[in-house]
Amino acid sequence: MLALTAKAQVDWENPAVLGINKLPYHATLQLPSRERECKEIVSLDGQWAFYWSPRPEACPADFWREDFDVSAWNSITVPGNWQTQGFGTPIYCMFYKLQKLRAAFPLPCRGGVRGGVSI
């Protein structure tokens with residue numbers, strides 16, 4: 001009867017299981033003044049080869065291989081956003097959205113100033 005009522009608990013539902021096959025915790029921080037001396041820190045800033053595909057299934061096969069020819073690809077600046085560098089369609093543009101919302105929904109008067117908020 002006990003075997004029928006007891007349910008085996010899977011690892012992802014067991015709060016006592018914090019991780020399986022994990023490395024021990026460690027700090028990866030480095031003092032900014034010593035960053036140049038640390039060989040483990042590699043800056044990813046710069047120009048990166050970039051290929052924008054409108055659909056994931058349209059991306060080139062084996063593009064992840066180190067010997068893949070990316071000479072015909074464009075380049076983007078990292079850190080950066082590829083939509084602001086001419087690829088794809090920007091999904092979010094704060095200023096444009098705020099202007100449309102402000103026109104559609106005037107803000108109530110606060111402190112004698114119509115609109116209450118300056119954008």
# chains A, B, ... in the order shown; residues from 1 in each chain; ligands from 1

$ residues_around --residues "Thr77 in chain A" --least-positions-apart "4" --cutoff "7 Å" --atoms "only C-alpha atoms" --output "VMD selection string"
chain A and resid 46 to 48

$ write_last_selection --atoms "N, CA, C and O atoms" --output "short mmCIF file (atom, residue, chain, number, x, y, z; two decimals), in the first residue's frame"
data_model
loop_
_atom_site.label_atom_id
_atom_site.label_comp_id
_atom_site.auth_asym_id
_atom_site.auth_seq_id
_atom_site.Cartn_x
_atom_site.Cartn_y
_atom_site.Cartn_z
N GLY A 46 34.78 45.33 -30.16
CA GLY A 46 35.43 45.48 -31.45
C GLY A 46 34.50 45.20 -32.60
O GLY A 46 33.28 45.26 -32.48
N GLN A 47 35.08 44.90 -33.74
CA GLN A 47 34.32 44.59 -34.95
C GLN A 47 34.16 43.08 -35.07
O GLN A 47 35.14 42.34 -34.98
N TRP A 48 32.94 42.63 -35.26
CA TRP A 48 32.63 41.20 -35.39
C TRP A 48 32.01 40.94 -36.75
O TRP A 48 31.22 41.73 -37.26
#

$ residues_around --residues "Ser43 in chain A" --least-positions-apart "6" --cutoff "12 Å" --atoms "only C-alpha atoms" --output "short mmCIF file (atom, residue, chain, number, x, y, z; two decimals) with N, CA, C and O atoms, in the first residue's frame"
data_model
loop_
_atom_site.label_atom_id
_atom_site.label_comp_id
_atom_site.auth_asym_id
_atom_site.auth_seq_id
_atom_site.Cartn_x
_atom_site.Cartn_y
_atom_site.Cartn_z
N GLU A 35 42.78 44.68 -14.37
CA GLU A 35 42.13 43.95 -15.45
C GLU A 35 43.09 43.63 -16.60
O GLU A 35 43.05 42.55 -17.17
N ARG A 36 43.95 44.56 -16.96
CA ARG A 36 44.88 44.34 -18.07
C ARG A 36 45.90 43.24 -17.77
O ARG A 36 46.42 42.61 -18.67
N VAL A 78 30.75 45.70 -31.57
CA VAL A 78 30.37 45.08 -30.30
C VAL A 78 31.07 45.85 -29.19
O VAL A 78 32.28 46.07 -29.30
N PRO A 79 30.42 46.30 -28.12
CA PRO A 79 29.01 46.08 -27.88
C PRO A 79 28.16 46.95 -28.78
O PRO A 79 28.57 48.04 -29.19
#

$ residues_around --residues "Phe50 in chain A" --least-positions-apart "3" --cutoff "6 Å" --atoms "only C-alpha atoms" --output "ChimeraX atom specification"
/A:73-75

$ residues_around --residues "Leu29 in chain A" --least-positions-apart "3" --cutoff "12 Å" --atoms "only C-alpha atoms" --output "PyMOL selection string"
chain A and resi 26+32-35+38+40-41

$ atom_distance --atom1 "CA of Val70 in chain A" --atom2 "CA of Arg55 in chain A"
18.6 Å

$ atom_distance --atom1 "CA of Asp62 in chain A" --atom2 "CA of Asn21 in chain A"
28.8 Å

$ closest_residue --among "A:Lys39, A:Lys22, A:Pro90, A:Asp45" --to "Ile76 in chain A" --atoms "only C-alpha atoms"
A:Asp45
